[in-house]
file query33.txt (compact mmCIF, C-alpha atoms)
# COMPACT_ATOMS: atom_id res chain seq x y z
CA MET A 15 388.71 93.96 39.06
CA LYS A 16 386.54 91.22 37.60
CA LYS A 17 383.63 93.65 37.46
CA PHE A 18 385.74 96.10 35.49
CA ILE A 19 386.85 93.41 33.02
CA TRP A 20 383.28 92.27 32.49
CA SER A 21 382.25 95.89 31.86
CA ILE A 22 384.95 96.18 29.17
CA ILE A 23 383.80 92.91 27.55
CA VAL A 24 380.15 94.03 27.50
CA LEU A 25 381.17 97.37 25.99
CA LEU A 26 383.17 95.66 23.25
CA VAL A 27 380.26 93.35 22.44
CA LEU A 28 377.91 96.33 22.13
CA VAL A 29 380.34 98.12 19.83
CA LEU A 30 380.60 95.01 17.62
CA ILE A 31 376.81 94.69 17.46
CA TYR A 32 376.45 98.37 16.55
CA ASP A 33 379.13 98.18 13.84
CA GLY A 34 377.52 95.05 12.45
CA ALA A 35 374.11 96.68 12.31
CA ILE A 36 375.54 99.69 10.47
CA ALA A 37 377.32 97.42 7.99
CA LEU A 38 374.12 95.47 7.28
CA TYR A 39 372.12 98.71 6.84
CA ASN A 40 374.67 100.10 4.37
CA TYR A 41 374.68 96.82 2.46
CA PHE A 42 370.91 96.45 2.04
CA VAL A 43 369.75 100.10 1.92
CA PRO A 44 370.88 102.17 -1.10
CA GLN A 45 372.70 105.29 -0.02
CA VAL A 46 372.21 108.70 -1.64
CA SER A 47 375.47 110.59 -1.82
CA THR A 48 373.97 113.99 -2.75
CA LEU A 49 370.62 115.72 -2.49
CA PRO A 50 368.71 116.36 -5.74
CA ASP A 51 369.54 119.68 -7.36
CA ILE A 52 366.34 121.74 -7.03
CA ASP A 53 366.01 124.97 -9.00
CA MET A 54 364.67 127.42 -6.42
CA SER A 55 364.24 130.29 -8.90
CA PRO A 56 360.80 131.67 -9.86
CA ILE A 57 358.72 129.65 -12.29
CA PRO A 58 357.59 131.39 -15.50
CA ILE A 59 354.18 133.08 -15.35
CA GLN A 60 352.35 134.69 -18.23
CA ASP A 61 349.03 136.51 -18.47
CA LYS A 62 346.03 134.86 -20.08
CA GLN A 63 342.87 136.80 -20.89
CA ILE A 64 339.19 136.05 -21.31
CA GLN A 65 336.96 138.71 -22.88
CA GLU A 66 333.28 138.28 -23.58
CA GLU A 67 330.70 140.97 -24.26
CA THR A 68 327.01 140.93 -25.12
CA ASP A 69 324.20 143.46 -24.90
CA THR A 70 323.61 142.22 -21.35
CA TYR A 71 327.00 141.66 -19.80
CA THR A 72 330.77 142.16 -20.02
CA ILE A 73 333.41 139.70 -18.81
CA ASN A 74 337.06 140.72 -18.64
CA ILE A 75 339.46 138.39 -16.85
CA ILE A 76 343.24 138.28 -16.66
CA TYR A 77 344.69 135.23 -14.93
CA PRO A 78 348.10 133.52 -14.69
CA GLU A 79 349.40 130.53 -16.61
CA THR A 80 352.52 128.70 -15.43
CA ASN A 81 354.63 125.76 -16.58
CA GLN A 82 352.95 123.55 -13.96
CA ASP A 83 349.90 121.64 -15.21
CA PHE A 84 348.36 121.05 -11.79
CA ILE A 85 348.48 124.80 -11.01
CA ASN A 86 346.96 125.71 -14.38
CA GLN A 87 344.18 123.16 -13.92
CA ASP A 88 343.27 124.46 -10.48
CA ILE A 89 343.21 128.08 -11.66
CA ASN A 90 341.22 127.23 -14.79
CA ASP A 91 338.63 125.39 -12.69
CA PHE A 92 338.37 128.43 -10.41
CA ILE A 93 337.98 130.89 -13.30
CA ASN A 94 335.42 128.74 -15.13
CA LYS A 95 333.38 128.40 -11.94
CA GLU A 96 333.34 132.18 -11.44
CA ILE A 97 332.12 132.69 -15.01
CA ALA A 98 329.43 130.03 -14.65
CA ASN A 99 328.20 131.47 -11.35
CA PHE A 100 328.11 134.98 -12.84
CA LYS A 101 326.04 133.90 -15.83
CA GLN A 102 323.73 131.91 -13.58
CA ALA A 103 323.26 134.96 -11.35
CA ILE A 104 322.25 137.05 -14.37
CA THR A 105 319.44 134.63 -15.22
CA LEU A 106 318.07 135.04 -11.68
CA GLN A 107 317.85 138.84 -11.88
CA THR A 108 314.29 140.12 -11.90
CA ASN A 109 314.98 143.76 -12.71
CA PRO A 110 315.67 144.65 -16.36
CA VAL A 111 319.11 145.99 -17.23
CA GLU A 112 319.10 149.79 -17.47
CA ALA A 113 320.07 151.31 -20.80
CA ASN A 114 323.28 152.85 -19.47
CA TRP A 115 324.90 149.84 -17.78
CA GLN A 116 325.65 146.12 -18.11
CA TYR A 117 326.22 143.30 -15.73
CA THR A 118 329.99 142.98 -15.33
CA LEU A 119 332.59 140.52 -14.10
CA PHE A 120 336.21 141.64 -13.80
CA ILE A 121 339.04 139.52 -12.37
CA ARG A 122 342.66 140.57 -11.93
CA TYR A 123 345.55 138.90 -10.10
CA ASP A 124 348.84 139.64 -8.36
CA THR A 125 351.74 137.26 -7.86
CA VAL A 126 352.37 137.62 -4.13
CA TYR A 127 355.28 135.17 -3.99
CA ASN A 128 357.14 133.08 -6.55
CA GLU A 129 360.37 131.61 -5.26
CA ARG A 130 361.80 128.69 -3.26
CA THR A 131 359.21 126.28 -4.78
CA ILE A 132 356.25 128.32 -3.45
CA VAL A 133 353.84 130.24 -5.70
CA SER A 134 351.10 132.43 -4.21
CA PHE A 135 348.47 134.33 -6.18
CA LYS A 136 345.92 136.91 -5.05
CA PHE A 137 342.80 137.34 -7.21
CA GLU A 138 340.56 140.40 -6.97
CA ILE A 139 337.03 139.91 -8.29
CA GLU A 140 334.63 142.74 -9.04
CA GLN A 141 331.08 141.85 -9.97
CA PHE A 142 328.11 144.08 -10.73
CA LEU A 143 324.62 142.59 -10.77
CA GLY A 144 322.67 145.79 -10.19
CA GLY A 145 322.20 147.88 -7.09
CA ALA A 146 324.08 150.85 -5.72
CA HIS A 147 327.58 149.49 -6.27
CA PRO A 148 329.55 146.41 -7.38
CA THR A 149 330.69 143.72 -4.97
CA HIS A 150 334.33 142.82 -4.44
CA LEU A 151 335.88 139.53 -3.39
CA ILE A 152 339.44 138.37 -2.75
CA VAL A 153 340.46 134.81 -3.56
CA ALA A 154 343.94 133.51 -2.75
CA LYS A 155 345.74 130.46 -4.18
CA ASN A 156 348.91 128.85 -2.83
CA TYR A 157 351.02 126.08 -4.36
CA ASN A 158 354.23 124.14 -3.90
CA TRP A 159 355.26 123.21 -7.43
CA PHE A 160 358.02 120.83 -6.29
CA LEU A 161 355.69 118.77 -4.08
CA LYS A 162 352.75 119.24 -6.52
CA ARG A 163 350.71 120.43 -3.56
CA ILE A 164 347.84 122.89 -3.22
CA TYR A 165 347.99 124.51 0.20
CA THR A 166 344.73 124.54 2.15
CA ILE A 167 343.69 126.39 5.30
CA ASP A 168 345.26 123.57 7.37
CA THR A 169 348.66 124.75 6.16
CA ALA A 170 348.29 128.15 7.82
CA ILE A 171 346.03 127.13 10.71
CA PRO A 172 346.62 123.50 11.77
CA ASN A 173 344.73 123.76 15.08
CA GLN A 174 342.63 125.99 17.32
CA GLU A 175 345.66 127.08 19.37
CA THR A 176 347.29 128.55 16.26
CA LEU A 177 344.00 130.18 15.26
CA ASP A 178 343.72 131.81 18.71
CA LYS A 179 347.24 133.24 18.35
CA ILE A 180 346.52 134.58 14.85
CA ALA A 181 343.26 136.17 15.96
CA LYS A 182 344.94 137.90 18.89
CA VAL A 183 347.72 139.32 16.69
CA ALA A 184 345.16 140.52 14.14
CA LEU A 185 342.86 142.11 16.71
CA ASP A 186 345.75 143.93 18.41
CA TYR A 187 346.99 145.18 15.06
CA PHE A 188 343.68 146.60 13.82
CA GLN A 189 342.69 148.04 17.19
CA ASN A 190 345.95 149.98 17.44
CA MET A 191 346.43 151.04 13.81
CA PRO A 192 345.44 154.60 12.75
CA LYS A 193 342.10 154.45 10.95
CA ASP A 194 339.11 156.63 10.15
CA TRP A 195 336.58 153.82 10.11
CA GLU A 196 334.79 151.67 12.68
CA LEU A 197 336.31 148.25 13.40
CA PHE A 198 334.02 145.20 13.43
CA PRO A 199 335.81 142.93 15.95
CA GLU A 200 333.51 139.97 15.26
CA GLY A 201 335.14 139.66 11.84
CA LEU A 202 338.45 138.96 13.59
CA ALA A 203 337.12 136.41 16.09
CA PRO A 204 339.05 133.09 16.26
CA LYS A 205 336.71 131.30 13.88
CA ILE A 206 338.14 129.45 10.89
CA GLU A 207 335.70 131.14 8.48
CA ASN A 208 337.23 134.54 9.33
CA TYR A 209 340.70 133.49 8.14
CA GLN A 210 339.91 131.42 5.05
CA THR A 211 341.61 133.76 2.57
CA PHE A 212 345.40 133.85 2.79
CA ASN A 213 348.68 133.83 0.90
CA ILE A 214 351.76 132.13 2.26
CA THR A 215 355.47 132.77 1.93
CA PRO A 216 358.29 130.85 3.63
CA ASP A 217 358.43 133.53 6.33
CA SER A 218 354.86 134.73 6.79
CA CYS A 219 351.17 134.40 6.10
CA ILE A 220 349.06 137.22 4.67
CA PHE A 221 345.40 137.11 5.73
CA TYR A 222 342.76 139.00 3.73
CA PHE A 223 339.47 140.20 5.21
CA GLN A 224 336.65 140.63 2.74
CA GLU A 225 334.68 143.74 2.03
CA ALA A 226 332.56 144.70 5.09
CA GLN A 227 334.02 141.83 7.16
CA ILE A 228 335.95 143.95 9.66
CA ALA A 229 335.24 147.45 8.32
CA PRO A 230 332.45 149.35 6.52
CA TYR A 231 332.10 148.91 2.75
CA SER A 232 333.65 152.32 2.16
CA ALA A 233 336.90 151.23 3.86
CA GLY A 234 337.33 148.33 1.43
CA PRO A 235 338.95 144.97 2.19
CA GLN A 236 341.77 144.78 4.74
CA GLN A 237 344.82 142.58 5.20
CA ILE A 238 347.54 141.72 7.70
CA GLU A 239 350.88 139.94 7.29
CA ILE A 240 351.82 137.75 10.25
CA LYS A 241 355.28 136.26 10.59
CA TRP A 242 355.42 132.53 11.29
CA SER A 243 357.70 133.36 14.22
CA GLU A 244 354.89 135.37 15.83
CA ILE A 245 352.67 132.30 16.06
CA GLN A 246 355.44 129.69 16.40
call {"tool": "encode", "arguments": {"input": "query33.txt", "output": "structure tokens"}}
result
Amino acid sequence: MKKFIWSIIVLLVLVLIYDGAIALYNYFVPQVSTLPDIDMSPIPIQDKQIQEETDTYTINIIYPETNQDFINQDINDFINKEIANFKQAITLQTNPVEANWQYTLFIRYDTVYNERTIVSFKFEIEQFLGGAHPTHLIVAKNYNWFLKRIYTIDTAIPNQETLDKIAKVALDYFQNMPKDWELFPEGLAPKIENYQTFNITPDSCIFYFQEAQIAPYSAGPQQIEIKWSEIQ
């Protein structure tokens, strides 16, 4: 009987201590009654264009401008770097430009996702510096405008275990898909450099494989969308 009474007393003391702790927390820590109202609708995007033409080269670029300064700054830095690299490459050419062609740089973009605070852009770059054909490159940009965050490769692939899962899904997909070109499996190996180019959405990640990375040049670049649930 005494043991039971002491158990009740100890229980009451614990309840009083708990209630007191909660009261002190509520007194000293400001409480937020409601979450901030976040507009999850798409942010405005408009096209901006850069055109430049000389006897030697042509530049034609269309890129996005948003209402977010940090996104605009990152995209402007990227575009300016591509232009600078292109002009630098021209100065290194040893063969004279033929009469019927110019060096060219073309950039276009697609908005892959723009909702729920996430904005993802895919840029397609075509560059001609002589030779049999132009080169093509895909560049992807991903942002969270609410957090003012630029997503890096660590967002999609935080560790080697995740990379191994992604590589397996990608290899299975391309091995089993109907195709009339030879697959280069080494371009799908679980190496971080093979999966550097990606767009994210809340539900999936789209990986892009560059020209001649996993297929011959004639097959063009390839891509795969992998659901987050597939790689946990």
call {"tool": "residues_around", "arguments": {"input": "query33.txt", "residues": "A:Glu138", "least_positions_apart": "5", "cutoff": "8 Å", "atoms": "only C-alpha atoms", "output": "list of chain:residue names"}}
result
A:Ile121, A:Arg122, A:Tyr123, A:His150, A:Leu151, A:Ile152, A:Val153
call {"tool": "residues_around", "arguments": {"input": "query33.txt", "residues": "A:Ala98", "least_positions_apart": "6", "cutoff": "12 Å", "atoms": "all atoms listed in the file", "output": "list in words"}}
result
Ile73, Asp91, Phe92, Ile104, Thr105 and Leu119 of chain A
call {"tool": "atom_distance", "arguments": {"input": "query33.txt", "atom1": "atom CA of A:Lys179", "atom2": "atom CA of A:Glu207"}}
result
15.3 Å
call {"tool": "residues_around", "arguments": {"input": "query33.txt", "residues": "stretch 50-62 of chain A", "least_positions_apart": "5", "cutoff": "6 Å", "atoms": "all atoms listed in the file", "output": "list in words"}}
result
Ile76, Tyr77, Pro78, Glu79, Thr80, Asn128, Glu129, Arg130 and Thr131 of chain A
call {"tool": "write_last_selection", "arguments": {"input": "query33.txt", "atoms": "C-alpha atoms", "output": "short mmCIF file (atom, residue, chain, number, x, y, z; two decimals), in the coordinates of the input"}}
result
data_model
loop_
_atom_site.label_atom_id
_atom_site.label_comp_id
_atom_site.auth_asym_id
_atom_site.auth_seq_id
_atom_site.Cartn_x
_atom_site.Cartn_y
_atom_site.Cartn_z
CA ILE A 76 343.24 138.28 -16.66
CA TYR A 77 344.69 135.23 -14.93
CA PRO A 78 348.10 133.52 -14.69
CA GLU A 79 349.40 130.53 -16.61
CA THR A 80 352.52 128.70 -15.43
CA ASN A 128 357.14 133.08 -6.55
CA GLU A 129 360.37 131.61 -5.26
CA ARG A 130 361.80 128.69 -3.26
CA THR A 131 359.21 126.28 -4.78
#
call {"tool": "atom_distance", "arguments": {"input": "query33.txt", "atom1": "atom CA of A:Cys219", "atom2": "atom CA of A:Ile240"}}
result
5.4 Å
call {"tool": "closest_residue", "arguments": {"input": "query33.txt", "among": "A:Asn90, A:Asn158, A:Asn208, A:Thr72", "to": "A:Tyr117", "atoms": "all atoms listed in the file"}}
result
A:Thr72
call {"tool": "residues_around", "arguments": {"input": "query33.txt", "residues": "A:Tyr165", "least_positions_apart": "2", "cutoff": "10 Å", "atoms": "all atoms listed in the file", "output": "PDB file with C-alpha atoms, in the frame of the given file"}}
result
ATOM      1  CA  ILE A 132     356.250 128.320  -3.450  1.00  0.00           C
ATOM      2  CA  SER A 134     351.100 132.430  -4.210  1.00  0.00           C
ATOM      3  CA  LYS A 155     345.740 130.460  -4.180  1.00  0.00           C
ATOM      4  CA  ASN A 156     348.910 128.850  -2.830  1.00  0.00           C
ATOM      5  CA  TYR A 157     351.020 126.080  -4.360  1.00  0.00           C
ATOM      6  CA  ASN A 158     354.230 124.140  -3.900  1.00  0.00           C
ATOM      7  CA  LYS A 162     352.750 119.240  -6.520  1.00  0.00           C
ATOM      8  CA  ARG A 163     350.710 120.430  -3.560  1.00  0.00           C
ATOM      9  CA  ILE A 167     343.690 126.390   5.300  1.00  0.00           C
ATOM     10  CA  ASP A 168     345.260 123.570   7.370  1.00  0.00           C
ATOM     11  CA  THR A 169     348.660 124.750   6.160  1.00  0.00           C
ATOM     12  CA  ALA A 170     348.290 128.150   7.820  1.00  0.00           C
ATOM     13  CA  ASN A 213     348.680 133.830   0.900  1.00  0.00           C
ATOM     14  CA  ILE A 214     351.760 132.130   2.260  1.00  0.00           C
TER      15      ILE A 214
END
call {"tool": "residues_around", "arguments": {"input": "query33.txt", "residues": "A:Ile220", "least_positions_apart": "6", "cutoff": "12 Å", "atoms": "all atoms listed in the file", "output": "short mmCIF file (atom, residue, chain, number, x, y, z; two decimals) with C-alpha atoms, in the coordinates of the input"}}
result
data_model
loop_
_atom_site.label_atom_id
_atom_site.label_comp_id
_atom_site.auth_asym_id
_atom_site.auth_seq_id
_atom_site.Cartn_x
_atom_site.Cartn_y
_atom_site.Cartn_z
CA VAL A 126 352.37 137.62 -4.13
CA TYR A 127 355.28 135.17 -3.99
CA SER A 134 351.10 132.43 -4.21
CA PHE A 135 348.47 134.33 -6.18
CA LYS A 136 345.92 136.91 -5.05
CA ALA A 154 343.94 133.51 -2.75
CA LYS A 155 345.74 130.46 -4.18
CA ASN A 156 348.91 128.85 -2.83
CA ALA A 170 348.29 128.15 7.82
CA ILE A 180 346.52 134.58 14.85
CA ALA A 184 345.16 140.52 14.14
CA TYR A 209 340.70 133.49 8.14
CA GLN A 210 339.91 131.42 5.05
CA THR A 211 341.61 133.76 2.57
CA PHE A 212 345.40 133.85 2.79
CA ASN A 213 348.68 133.83 0.90
CA ILE A 214 351.76 132.13 2.26
CA GLN A 236 341.77 144.78 4.74
CA GLN A 237 344.82 142.58 5.20
CA ILE A 238 347.54 141.72 7.70
CA GLU A 239 350.88 139.94 7.29
CA ILE A 240 351.82 137.75 10.25
CA LYS A 241 355.28 136.26 10.59
CA TRP A 242 355.42 132.53 11.29
#
call {"tool": "atom_distance", "arguments": {"input": "query33.txt", "atom1": "atom CA of A:Asp124", "atom2": "atom CA of A:Asn173"}}
result
28.6 Å
call {"tool": "closest_residue", "arguments": {"input": "query33.txt", "among": "A:Asn81, A:Asn99, A:Ser232, A:Gln65", "to": "A:Trp195", "atoms": "all atoms listed in the file"}}
result
A:Ser232
call {"tool": "closest_residue", "arguments": {"input": "query33.txt", "among": "A:Ala103, A:Ile171, A:Leu197, A:Ile245", "to": "A:Tyr231", "atoms": "only C-alpha atoms"}}
result
A:Leu197
call {"tool": "closest_residue", "arguments": {"input": "query33.txt", "among": "A:Gln227, A:Thr118, A:Thr215, A:Gln174", "to": "A:Pro199", "atoms": "all atoms listed in the file"}}
result
A:Gln227
call {"tool": "decode", "arguments": {"input": "query33.txt", "residues": "stretch 80-98 of chain A", "atoms": "N, CA and C atoms", "output": "mmCIF file, in the first residue's frame"}}
result
data_model
loop_
_atom_site.group_PDB
_atom_site.id
_atom_site.type_symbol
_atom_site.label_atom_id
_atom_site.label_comp_id
_atom_site.auth_asym_id
_atom_site.auth_seq_id
_atom_site.Cartn_x
_atom_site.Cartn_y
_atom_site.Cartn_z
ATOM 1 N N THR A 80 13.782 36.746 -64.125
ATOM 2 C CA THR A 80 12.711 36.563 -63.151
ATOM 3 C C THR A 80 12.595 37.795 -62.260
ATOM 4 N N ASN A 81 11.765 37.704 -61.245
ATOM 5 C CA ASN A 81 11.655 38.774 -60.247
ATOM 6 C C ASN A 81 12.542 38.515 -59.028
ATOM 7 N N GLN A 82 13.478 37.569 -59.172
ATOM 8 C CA GLN A 82 14.390 37.209 -58.088
ATOM 9 C C GLN A 82 15.815 37.616 -58.474
ATOM 10 N N ASP A 83 16.380 38.564 -57.743
ATOM 11 C CA ASP A 83 17.700 39.100 -58.102
ATOM 12 C C ASP A 83 18.795 38.039 -58.065
ATOM 13 N N PHE A 84 18.752 37.148 -57.084
ATOM 14 C CA PHE A 84 19.836 36.174 -56.977
ATOM 15 C C PHE A 84 19.803 35.176 -58.138
ATOM 16 N N ILE A 85 18.609 34.865 -58.651
ATOM 17 C CA ILE A 85 18.497 33.997 -59.824
ATOM 18 C C ILE A 85 19.032 34.720 -61.056
ATOM 19 N N ASN A 86 18.615 35.963 -61.241
ATOM 20 C CA ASN A 86 19.064 36.743 -62.397
ATOM 21 C C ASN A 86 20.581 36.900 -62.406
ATOM 22 N N GLN A 87 21.166 37.130 -61.237
ATOM 23 C CA GLN A 87 22.609 37.306 -61.154
ATOM 24 C C GLN A 87 23.341 36.034 -61.547
ATOM 25 N N ASP A 88 22.856 34.888 -61.061
ATOM 26 C CA ASP A 88 23.491 33.619 -61.375
ATOM 27 C C ASP A 88 23.393 33.310 -62.866
ATOM 28 N N ILE A 89 22.242 33.559 -63.466
ATOM 29 C CA ILE A 89 22.070 33.297 -64.897
ATOM 30 C C ILE A 89 22.896 34.271 -65.726
ATOM 31 N N ASN A 90 22.931 35.535 -65.343
ATOM 32 C CA ASN A 90 23.741 36.514 -66.073
ATOM 33 C C ASN A 90 25.216 36.150 -66.033
ATOM 34 N N ASP A 91 25.694 35.704 -64.874
ATOM 35 C CA ASP A 91 27.100 35.281 -64.766
ATOM 36 C C ASP A 91 27.379 34.109 -65.701
ATOM 37 N N PHE A 92 26.446 33.165 -65.752
ATOM 38 C CA PHE A 92 26.592 32.000 -66.627
ATOM 39 C C PHE A 92 26.628 32.417 -68.100
ATOM 40 N N ILE A 93 25.703 33.263 -68.515
ATOM 41 C CA ILE A 93 25.635 33.704 -69.904
ATOM 42 C C ILE A 93 26.892 34.485 -70.288
ATOM 43 N N ASN A 94 27.305 35.409 -69.444
ATOM 44 C CA ASN A 94 28.494 36.215 -69.734
ATOM 45 C C ASN A 94 29.744 35.350 -69.849
ATOM 46 N N LYS A 95 29.826 34.317 -69.028
ATOM 47 C CA LYS A 95 30.973 33.408 -69.095
ATOM 48 C C LYS A 95 30.981 32.636 -70.410
ATOM 49 N N GLU A 96 29.791 32.187 -70.866
ATOM 50 C CA GLU A 96 29.718 31.473 -72.134
ATOM 51 C C GLU A 96 30.148 32.366 -73.292
ATOM 52 N N ILE A 97 29.738 33.625 -73.265
ATOM 53 C CA ILE A 97 30.122 34.562 -74.328
ATOM 54 C C ILE A 97 31.627 34.793 -74.312
ATOM 55 N N ALA A 98 32.183 35.012 -73.107
ATOM 56 C CA ALA A 98 33.619 35.259 -72.989
ATOM 57 C C ALA A 98 34.425 34.053 -73.464
#
